[in-house]
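Just start-v2.pdb here, PDB, C-alpha atoms:
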```pdb
MODEL        1
ATOM      1  CA  MET F 884     -32.708 -10.561-177.014
ATOM      2  CA  ASN F 885     -32.610 -14.205-175.985
ATOM      3  CA  ARG F 886     -33.975 -16.423-173.244
ATOM      4  CA  GLN F 887     -30.644 -16.298-171.392
ATOM      5  CA  ASN F 888     -31.345 -12.654-170.553
ATOM      6  CA  ALA F 889     -35.037 -12.412-169.705
ATOM      7  CA  TYR F 890     -34.582  -8.967-168.188
ATOM      8  CA  ARG F 891     -34.055  -7.497-171.676
ATOM      9  CA  TYR F 892     -37.692  -8.262-172.449
ATOM     10  CA  LEU F 893     -39.174  -7.122-169.136
ATOM     11  CA  PHE F 894     -37.099  -4.121-168.043
ATOM     12  CA  PRO F 895     -38.286  -1.959-170.999
ATOM     13  CA  ILE F 896     -41.900  -2.745-170.038
ATOM     14  CA  GLY F 897     -41.078  -1.622-166.494
ATOM     15  CA  CYS F 898     -39.565   1.639-167.785
ATOM     16  CA  PHE F 899     -42.656   2.255-169.935
ATOM     17  CA  ASN F 900     -44.929   1.759-166.910
ATOM     18  CA  GLY F 901     -42.815   4.130-164.832
ATOM     19  CA  ILE F 902     -43.072   6.862-167.472
ATOM     20  CA  ALA F 903     -46.806   6.288-167.964
ATOM     21  CA  GLY F 904     -47.497   6.228-164.230
ATOM     22  CA  THR F 905     -45.695   9.528-163.712
ATOM     23  CA  PHE F 906     -47.321  11.109-166.774
ATOM     24  CA  LEU F 907     -50.779  10.610-165.232
ATOM     25  CA  TRP F 908     -50.054  13.489-162.847
ATOM     26  CA  ILE F 909     -49.057  15.735-165.747
ATOM     27  CA  ALA F 910     -52.246  14.774-167.592
ATOM     28  CA  PHE F 911     -54.310  15.564-164.476
ATOM     29  CA  ARG F 912     -52.587  18.918-163.969
ATOM     30  CA  MET F 913     -53.168  19.829-167.624
ATOM     31  CA  GLY F 914     -56.867  19.045-167.280
ATOM     32  CA  TRP F 915     -56.795  16.010-169.587
ATOM     33  CA  LEU F 916     -58.084  13.778-166.777
ATOM     34  CA  GLU F 917     -61.146  14.619-164.714
ATOM     35  CA  ASN F 918     -60.576  12.236-161.811
ATOM     36  CA  TYR F 919     -57.702  12.218-159.330
ATOM     37  CA  PRO F 920     -55.426   9.412-160.707
ATOM     38  CA  ALA F 921     -53.921   8.186-157.420
ATOM     39  CA  GLY F 922     -55.086   4.565-157.759
ATOM     40  CA  ASP F 923     -54.106   4.245-161.417
ATOM     41  CA  HIS F 924     -50.737   5.871-160.697
ATOM     42  CA  ALA F 925     -50.084   3.325-157.929
ATOM     43  CA  ASN F 926     -51.045   0.418-160.193
ATOM     44  CA  LEU F 927     -48.684   1.477-162.975
ATOM     45  CA  MET F 928     -45.806   2.187-160.590
ATOM     46  CA  ILE F 929     -46.141  -0.901-158.375
ATOM     47  CA  GLY F 930     -47.907  -3.494-160.521
ATOM     48  CA  GLY F 931     -46.208  -2.201-163.658
ATOM     49  CA  PHE F 932     -42.842  -0.561-162.989
ATOM     50  CA  LEU F 933     -41.611  -2.419-159.892
ATOM     51  CA  LEU F 934     -43.238  -5.754-160.693
ATOM     52  CA  SER F 935     -41.848  -5.874-164.254
ATOM     53  CA  PHE F 936     -38.357  -5.213-162.931
ATOM     54  CA  ALA F 937     -38.814  -7.788-160.160
ATOM     55  CA  GLN F 938     -39.955 -10.486-162.588
ATOM     56  CA  GLY F 939     -37.222  -9.588-165.067
ATOM     57  CA  PHE F 940     -34.681 -10.044-162.294
ATOM     58  CA  LEU F 941     -36.215 -13.318-161.070
ATOM     59  CA  TRP F 942     -36.455 -14.883-164.530
ATOM     60  CA  THR F 943     -32.819 -13.975-165.213
ATOM     61  CA  ALA F 944     -31.191 -14.667-161.855
ATOM     62  CA  LEU F 945     -33.239 -17.496-160.322
ATOM     63  CA  PRO F 946     -32.015 -20.177-162.773
ATOM     64  CA  ARG F 947     -28.457 -19.095-162.043
ATOM     65  CA  PHE F 948     -29.045 -19.122-158.274
ATOM     66  CA  LEU F 949     -30.403 -22.688-158.504
ATOM     67  CA  GLN F 950     -28.226 -23.821-161.429
ATOM     68  CA  ALA F 951     -31.430 -24.777-163.248
ATOM     69  CA  PRO F 952     -32.524 -24.424-166.907
ATOM     70  CA  MET F 953     -33.072 -20.949-168.303
ATOM     71  CA  PRO F 954     -36.585 -19.819-169.357
ATOM     72  CA  GLU F 955     -38.143 -21.484-172.357
ATOM     73  CA  GLU F 956     -38.813 -19.159-175.263
ATOM     74  CA  GLY F 957     -42.557 -19.845-175.218
ATOM     75  CA  GLU F 958     -43.101 -19.074-171.533
ATOM     76  CA  LEU F 959     -40.937 -15.948-171.764
ATOM     77  CA  ARG F 960     -42.932 -14.652-174.726
ATOM     78  CA  LEU F 961     -46.157 -15.383-172.840
ATOM     79  CA  LEU F 962     -45.001 -13.445-169.771
ATOM     80  CA  THR F 963     -43.887 -10.522-171.948
ATOM     81  CA  GLY F 964     -47.285 -10.448-173.655
ATOM     82  CA  ILE F 965     -49.176 -10.546-170.353
ATOM     83  CA  LEU F 966     -47.130  -7.701-168.861
ATOM     84  CA  ALA F 967     -47.517  -5.644-172.036
ATOM     85  CA  LEU F 968     -51.292  -6.150-171.875
ATOM     86  CA  SER F 969     -51.372  -5.160-168.194
ATOM     87  CA  SER F 970     -49.562  -1.929-169.102
ATOM     88  CA  ILE F 971     -52.273  -1.081-171.629
ATOM     89  CA  LEU F 972     -55.014  -1.875-169.109
ATOM     90  CA  GLY F 973     -53.303   0.356-166.550
ATOM     91  CA  ILE F 974     -53.090   3.256-168.984
ATOM     92  CA  LEU F 975     -56.748   2.757-169.967
ATOM     93  CA  ARG F 976     -57.551   2.956-166.227
ATOM     94  CA  MET F 977     -59.277  -0.430-166.001
ATOM     95  CA  PRO F 978     -58.153  -1.510-162.509
ATOM     96  CA  ARG F 979     -60.020  -4.819-162.159
ATOM     97  CA  SER F 980     -58.822  -6.054-165.553
ATOM     98  CA  PHE F 981     -55.342  -4.833-164.616
ATOM     99  CA  TYR F 982     -55.415  -6.862-161.372
ATOM    100  CA  ILE F 983     -56.531 -10.022-163.197
ATOM    101  CA  CYS F 984     -53.833  -9.636-165.855
ATOM    102  CA  THR F 985     -51.152  -8.976-163.234
ATOM    103  CA  SER F 986     -52.341 -12.045-161.305
ATOM    104  CA  ALA F 987     -51.806 -14.141-164.449
ATOM    105  CA  ALA F 988     -48.226 -12.848-164.674
ATOM    106  CA  LEU F 989     -47.599 -13.774-161.037
ATOM    107  CA  LEU F 990     -49.031 -17.255-161.595
ATOM    108  CA  LEU F 991     -46.680 -17.736-164.539
ATOM    109  CA  THR F 992     -43.717 -16.595-162.432
ATOM    110  CA  LEU F 993     -44.698 -18.983-159.611
ATOM    111  CA  ARG F 994     -44.911 -21.840-162.125
ATOM    112  CA  PHE F 995     -41.537 -20.842-163.542
ATOM    113  CA  GLY F 996     -39.909 -20.784-160.109
ATOM    114  CA  TRP F 997     -41.533 -24.061-159.037
ATOM    115  CA  ARG F 998     -40.224 -25.899-162.099
ATOM    116  CA  ARG F 999     -36.706 -24.480-161.650
ATOM    117  CA  PHE F1000     -36.745 -25.444-157.980
ATOM    118  CA  HIS F1001     -37.443 -29.075-158.918
ATOM    119  CA  LEU F1002     -34.722 -29.021-161.588
ATOM    120  CA  ARG F1003     -32.139 -27.344-159.333
ATOM    121  CA  ARG F1004     -28.595 -28.649-158.929
ATOM    122  CA  VAL F1005     -27.905 -26.742-155.686
ATOM    123  CA  HIS F1006     -30.040 -26.163-152.605
ATOM    124  CA  PRO F1007     -31.211 -22.557-152.104
ATOM    125  CA  PRO F1008     -30.876 -20.734-148.774
ATOM    126  CA  ALA F1009     -33.927 -20.889-146.520
ATOM    127  CA  THR F1010     -34.550 -17.158-146.913
ATOM    128  CA  LEU F1011     -35.393 -17.717-150.595
ATOM    129  CA  LEU F1012     -38.744 -19.092-149.359
ATOM    130  CA  PHE F1013     -39.857 -15.510-148.774
ATOM    131  CA  VAL F1014     -39.951 -14.965-152.543
ATOM    132  CA  PRO F1015     -42.877 -17.380-153.160
ATOM    133  CA  MET F1016     -44.449 -16.109-149.918
ATOM    134  CA  GLY F1017     -44.420 -12.588-151.307
ATOM    135  CA  LEU F1018     -45.656 -13.697-154.722
ATOM    136  CA  LEU F1019     -48.487 -15.809-153.272
ATOM    137  CA  GLY F1020     -49.504 -13.054-150.843
ATOM    138  CA  THR F1021     -49.601 -10.503-153.649
ATOM    139  CA  LEU F1022     -51.539 -12.883-155.899
ATOM    140  CA  PHE F1023     -54.151 -13.370-153.160
ATOM    141  CA  ALA F1024     -54.317  -9.600-152.589
ATOM    142  CA  LEU F1025     -54.815  -8.870-156.303
ATOM    143  CA  LEU F1026     -57.592 -11.455-156.601
ATOM    144  CA  LEU F1027     -59.384  -9.846-153.650
ATOM    145  CA  LEU F1028     -59.034  -6.399-155.233
ATOM    146  CA  ALA F1029     -60.400  -7.751-158.530
ATOM    147  CA  LEU F1030     -63.633  -8.979-156.914
ATOM    148  CA  PRO F1031     -66.772  -6.970-157.714
ATOM    149  CA  GLU F1032     -68.319  -4.723-155.078
ATOM    150  CA  GLU F1033     -71.109  -7.245-154.619
ATOM    151  CA  ALA F1034     -68.615  -9.498-152.804
ATOM    152  CA  ASN F1035     -69.078  -7.225-149.753
ATOM    153  CA  LEU F1036     -65.539  -7.628-148.432
ATOM    154  CA  THR F1037     -64.789  -5.820-145.182
ATOM    155  CA  PRO F1038     -62.938  -2.483-145.487
ATOM    156  CA  LEU F1039     -60.099  -3.848-143.326
ATOM    157  CA  LEU F1040     -59.575  -6.845-145.622
ATOM    158  CA  LEU F1041     -59.574  -4.661-148.740
ATOM    159  CA  THR F1042     -57.179  -2.154-147.174
ATOM    160  CA  PHE F1043     -54.827  -4.918-146.033
ATOM    161  CA  ALA F1044     -54.930  -6.504-149.513
ATOM    162  CA  ARG F1045     -54.066  -3.210-151.182
ATOM    163  CA  ASN F1046     -51.303  -2.407-148.676
ATOM    164  CA  PHE F1047     -49.722  -5.826-149.125
ATOM    165  CA  TYR F1048     -49.906  -5.478-152.900
ATOM    166  CA  LEU F1049     -48.303  -2.023-152.795
ATOM    167  CA  LYS F1050     -45.627  -2.731-150.178
ATOM    168  CA  GLY F1051     -45.421  -6.352-149.074
ATOM    169  CA  LEU F1052     -44.110  -7.977-152.267
ATOM    170  CA  THR F1053     -41.112  -5.686-152.692
ATOM    171  CA  LEU F1054     -40.193  -5.941-149.004
ATOM    172  CA  CYS F1055     -40.438  -9.758-149.143
ATOM    173  CA  LEU F1056     -38.156  -9.784-152.197
ATOM    174  CA  ILE F1057     -35.626  -7.581-150.402
ATOM    175  CA  LEU F1058     -35.619  -9.917-147.389
ATOM    176  CA  GLY F1059     -35.657 -13.078-149.515
ATOM    177  CA  ILE F1060     -33.256 -12.436-152.382
ATOM    178  CA  GLY F1061     -31.531  -9.440-150.828
ATOM    179  CA  SER F1062     -30.199 -11.567-147.966
ATOM    180  CA  ARG F1063     -27.886 -13.245-150.505
ATOM    181  CA  LEU F1064     -27.550 -10.710-153.298
ATOM    182  CA  ILE F1065     -27.004  -7.451-151.394
ATOM    183  CA  PRO F1066     -24.024  -8.637-149.271
ATOM    184  CA  ALA F1067     -22.452  -9.973-152.491
ATOM    185  CA  LEU F1068     -22.945  -6.607-154.225
ATOM    186  CA  LEU F1069     -21.321  -4.909-151.219
ATOM    187  CA  GLU F1070     -18.469  -7.455-151.380
ATOM    188  CA  HIS F1071     -19.331  -8.856-147.921
ATOM    189  CA  GLY F1072     -20.510 -12.295-148.997
ATOM    190  CA  SER F1073     -20.291 -14.977-151.642
ATOM    191  CA  LEU F1074     -22.082 -14.770-154.956
ATOM    192  CA  PRO F1075     -25.661 -16.118-154.908
ATOM    193  CA  THR F1076     -24.592 -18.772-157.418
ATOM    194  CA  GLU F1077     -22.234 -20.252-154.816
ATOM    195  CA  GLN F1078     -23.883 -22.641-152.379
ATOM    196  CA  THR F1079     -23.353 -21.796-148.719
ATOM    197  CA  ALA F1080     -24.712 -23.375-145.542
ATOM    198  CA  SER F1081     -27.692 -21.613-143.975
ATOM    199  CA  SER F1082     -27.324 -20.325-140.443
ATOM    200  CA  PRO F1083     -30.138 -21.376-138.056
ATOM    201  CA  ILE F1084     -29.917 -17.987-136.313
ATOM    202  CA  GLY F1085     -30.000 -16.203-139.652
ATOM    203  CA  ASN F1086     -33.023 -18.208-140.776
ATOM    204  CA  LEU F1087     -34.830 -17.479-137.498
ATOM    205  CA  ARG F1088     -34.019 -13.769-137.849
ATOM    206  CA  ALA F1089     -35.406 -13.759-141.397
ATOM    207  CA  ILE F1090     -38.633 -15.509-140.323
ATOM    208  CA  LEU F1091     -39.081 -13.001-137.500
ATOM    209  CA  SER F1092     -38.450 -10.103-139.906
ATOM    210  CA  VAL F1093     -41.141 -11.240-142.343
ATOM    211  CA  SER F1094     -43.621 -11.946-139.515
ATOM    212  CA  LEU F1095     -43.129  -8.440-138.107
ATOM    213  CA  LEU F1096     -43.399  -6.987-141.605
ATOM    214  CA  ILE F1097     -46.788  -8.596-142.251
ATOM    215  CA  LEU F1098     -47.984  -7.600-138.772
ATOM    216  CA  GLY F1099     -46.866  -4.011-139.430
ATOM    217  CA  ILE F1100     -48.833  -3.859-142.685
ATOM    218  CA  PHE F1101     -51.888  -5.190-140.829
ATOM    219  CA  PHE F1102     -51.640  -2.533-138.108
ATOM    220  CA  GLU F1103     -51.276   0.214-140.709
ATOM    221  CA  SER F1104     -54.353  -1.132-142.512
ATOM    222  CA  SER F1105     -56.337  -1.023-139.262
ATOM    223  CA  GLY F1106     -55.381   2.626-138.690
ATOM    224  CA  ARG F1107     -52.786   2.102-135.932
ATOM    225  CA  VAL F1108     -50.034   3.814-137.894
ATOM    226  CA  PRO F1109     -47.457   4.516-135.108
ATOM    227  CA  ILE F1110     -47.499   0.850-134.034
ATOM    228  CA  ALA F1111     -47.098  -0.140-137.679
ATOM    229  CA  GLY F1112     -44.088   2.145-137.999
ATOM    230  CA  PHE F1113     -42.435   0.567-134.964
ATOM    231  CA  LEU F1114     -43.032  -2.997-136.213
ATOM    232  CA  LEU F1115     -41.839  -2.229-139.742
ATOM    233  CA  THR F1116     -38.715  -0.514-138.421
ATOM    234  CA  LEU F1117     -37.964  -3.479-136.178
ATOM    235  CA  ALA F1118     -38.523  -5.940-139.038
ATOM    236  CA  LEU F1119     -36.255  -4.115-141.472
ATOM    237  CA  MET F1120     -33.564  -3.303-138.917
ATOM    238  CA  LEU F1121     -33.330  -7.003-138.029
ATOM    239  CA  ALA F1122     -32.585  -7.637-141.682
ATOM    240  CA  ALA F1123     -30.209  -4.674-141.942
ATOM    241  CA  LEU F1124     -28.140  -5.790-138.948
ATOM    242  CA  GLY F1125     -28.266  -9.464-139.873
ATOM    243  CA  GLN F1126     -28.681 -10.768-143.408
ATOM    244  CA  LEU F1127     -28.016  -7.547-145.333
ATOM    245  CA  LYS F1128     -24.855  -6.593-143.379
ATOM    246  CA  LEU F1129     -25.518  -2.877-143.812
ATOM    247  CA  THR F1130     -23.477  -1.851-140.768
ATOM    248  CA  ARG F1131     -20.364  -2.255-142.915
ATOM    249  CA  LEU F1132     -19.535   0.187-145.674
ATOM    250  CA  PRO F1133     -19.250  -1.254-149.203
ATOM    251  CA  ALA F1134     -15.904  -2.990-149.637
ATOM    252  CA  VAL F1135     -15.669  -1.689-153.205
ATOM    253  CA  ARG F1136     -16.635   1.988-153.439
ATOM    254  CA  SER F1137     -18.511   2.015-156.756
ATOM    255  CA  ALA F1138     -21.699   3.752-157.898
ATOM    256  CA  LEU F1139     -23.482   0.387-157.817
ATOM    257  CA  SER F1140     -22.416  -0.534-154.285
ATOM    258  CA  TRP F1141     -23.140   2.929-152.854
ATOM    259  CA  SER F1142     -26.567   3.016-154.544
ATOM    260  CA  VAL F1143     -27.472  -0.375-153.055
ATOM    261  CA  TRP F1144     -26.171   0.556-149.589
ATOM    262  CA  VAL F1145     -27.940   3.943-149.461
ATOM    263  CA  SER F1146     -31.241   2.630-150.841
ATOM    264  CA  CYS F1147     -31.290  -0.219-148.296
ATOM    265  CA  TRP F1148     -30.686   2.143-145.380
ATOM    266  CA  ILE F1149     -33.426   4.487-146.588
ATOM    267  CA  THR F1150     -35.831   1.556-146.839
ATOM    268  CA  CYS F1151     -34.937   0.281-143.371
ATOM    269  CA  LEU F1152     -35.050   3.616-141.516
ATOM    270  CA  SER F1153     -37.978   5.334-143.245
ATOM    271  CA  PRO F1154     -40.703   3.556-141.169
ATOM    272  CA  LEU F1155     -39.635   5.746-138.228
ATOM    273  CA  THR F1156     -41.603   8.498-139.978
ATOM    274  CA  LEU F1157     -44.800   6.561-139.279
ATOM    275  CA  CYS F1158     -44.037   6.669-135.556
ATOM    276  CA  LEU F1159     -43.132  10.366-135.461
ATOM    277  CA  LEU F1160     -45.509  11.823-138.068
ATOM    278  CA  PRO F1161     -48.338   9.321-138.669
ATOM    279  CA  SER F1162     -50.439  11.869-140.594
ATOM    280  CA  TYR F1163     -47.706  11.935-143.270
ATOM    281  CA  ALA F1164     -47.891   8.188-143.956
ATOM    282  CA  THR F1165     -48.476   8.669-147.695
ATOM    283  CA  HIS F1166     -45.390  10.869-147.972
ATOM    284  CA  PHE F1167     -43.356   8.349-145.981
ATOM    285  CA  TRP F1168     -44.221   5.574-148.395
ATOM    286  CA  HIS F1169     -43.278   7.734-151.362
ATOM    287  CA  MET F1170     -39.890   8.284-149.759
ATOM    288  CA  VAL F1171     -39.523   4.484-149.605
ATOM    289  CA  PHE F1172     -40.842   3.981-153.138
ATOM    290  CA  ILE F1173     -38.600   6.601-154.754
ATOM    291  CA  SER F1174     -35.397   6.684-152.698
ATOM    292  CA  GLY F1175     -35.594   3.087-151.466
ATOM    293  CA  PHE F1176     -37.325   0.790-153.956
ATOM    294  CA  GLY F1177     -36.697   3.018-156.986
ATOM    295  CA  LEU F1178     -32.973   3.455-156.397
ATOM    296  CA  LEU F1179     -32.558  -0.226-155.524
ATOM    297  CA  THR F1180     -34.439  -1.198-158.697
ATOM    298  CA  LEU F1181     -32.120   0.886-160.866
ATOM    299  CA  ALA F1182     -29.118  -0.596-159.075
ATOM    300  CA  ASP F1183     -30.506  -4.115-159.562
ATOM    301  CA  ARG F1184     -30.760  -3.376-163.273
ATOM    302  CA  LYS F1185     -26.967  -3.028-163.276
ATOM    303  CA  SER F1186     -26.442  -6.059-161.034
ATOM    304  CA  THR F1187     -28.680  -8.190-163.274
ATOM    305  CA  ARG F1188     -26.578  -7.290-166.288
ATOM    306  CA  LEU F1189     -23.418  -8.197-164.366
ATOM    307  CA  ASN F1190     -24.970 -11.456-163.127
ATOM    308  CA  SER F1191     -26.126 -12.460-166.614
ATOM    309  CA  SER F1192     -22.582 -12.082-167.929
ATOM    310  CA  HIS F1193     -21.279 -14.832-165.573
TER     311      HIS F1193
ENDMDL
END
```
Target encoding structure tokens, full file:
Amino acid sequence: MNRQNAYRYLFPIGCFNGIAGTFLWIAFRMGWLENYPAGDHANLMIGGFLLSFAQGFLWTALPRFLQAPMPEEGELRLLTGILALSSILGILRMPRSFYICTSAALLLTLRFGWRRFHLRRVHPPATLLFVPMGLLGTLFALLLLALPEEANLTPLLLTFARNFYLKGLTLCLILGIGSRLIPALLEHGSLPTEQTASSPIGNLRAILSVSLLILGIFFESSGRVPIAGFLLTLALMLAALGQLKLTRLPAVRSALSWSVWVSCWITCLSPLTLCLLPSYATHFWHMVFISGFGLLTLADRKSTRLNSSH
């Protein structure tokens, strides 16, 4: 437990959120909860489980990617405390307080990344810009969700904010960091700690992917689910065929490489379900969350440990 390996503080919090978020359904089935816990379950799984793992990865790997200083002990303890508090608020089913606490964690991560960017010794690839884009978009979405009902926000704006919070951040991280990390894990590219020249075509493809992704989330929020499925599929397939290099099998056939490869393909191809069976949109997203994001998160846990050893 030291500041060189921030993930050791944050990954256990993510595991705790995952267990608590799943247990809500057991509690509901046993009659211990009166209300359907869908919203609280989503908060614990996305804002707790996935977000804790994402921040644990960023605080461990980003300094190595940029060859910048590791986290300071004080800021790491502060982030750990904030995420622990958000877990308690999620379990107590206090959504607005949960959103505010999670927003504070995102602000701290943005400050951490901004300071490391200014202290960097190598230039990051252009696709890394999608990480702060995802963090800022999610922060804005959480602040909107935390507003009281008296704010009278339009249903479309609230739905878009919630959809971006639940889906947009993780997809932006996959397109931003995954463009460098995933090919390296599949042995098709250099390590993220090695500086490489950015390709103008690759950068343009990444920008187009993120633009289509945000547009797809907007169309889903407005009720045009088949169009959303087409746009999301196009966005993710552009990344799969370009930056992620998923058309090639893993060069090293290990459990880690196969898990990453399979989870990425599931994430990229699952939006087709929205086009074919739009009434099953909720089930489609759970397929992405569990078999895509969940499997990739567990694989990233292993890759973070390997990265921290270098």
Please report, as CSV, each residue of region 905-997 of chain F lying at most 10 Å from region 1011-1016 of chain F, together with the nearest pair of atoms and the separation in Å rounded to one decimal; use only C-alpha atoms, and order rows by chain and ascending residue number.
```
residue,atom,partner,partner_atom,distance
F:Leu941,CA,F:Val1014,CA,9.5
F:Leu945,CA,F:Leu1011,CA,10.0
F:Leu989,CA,F:Pro1015,CA,9.9
F:Thr992,CA,F:Pro1015,CA,9.3
F:Leu993,CA,F:Pro1015,CA,6.9
F:Gly996,CA,F:Pro1015,CA,8.3
F:Trp997,CA,F:Pro1015,CA,9.0
```
So how far away is CA of Leu934 (chain F) from CA of Cys898 (chain F), in Å?
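These atoms are spaced 10.9 Å apart.
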Distance query 10 Å from (-44.9, -10.5, -169.6) using all atoms listed in the file, result as a ChimeraX atom specification
/F:892-893,896,935,938-939,958-970,984-985,987-989,991-992
If you apply the PyMOL selection byres ((chain F and resi 1122) around 9) to this file, what residues do you get, as JSON, numbers by chain?
{"F": [1058, 1062, 1088, 1089, 1092, 1117, 1118, 1119, 1120, 1121, 1123, 1124, 1125, 1126, 1127, 1128, 1129, 1151]}
Between CA of Ser1142 (chain F) and CA of Glu1070 (chain F), what is the distance in Å, rounded to a tenth?
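A separation of 13.6 Å between them.
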Step by step, work through what the PyMOL selection byres ((chain F and resi 1054) around 9) selects in the shown file, and finish by giving those residues as a PyMOL selection string.
chain F and resi 1017+1050-1053+1055-1059+1093+1096+1119+1150+1176
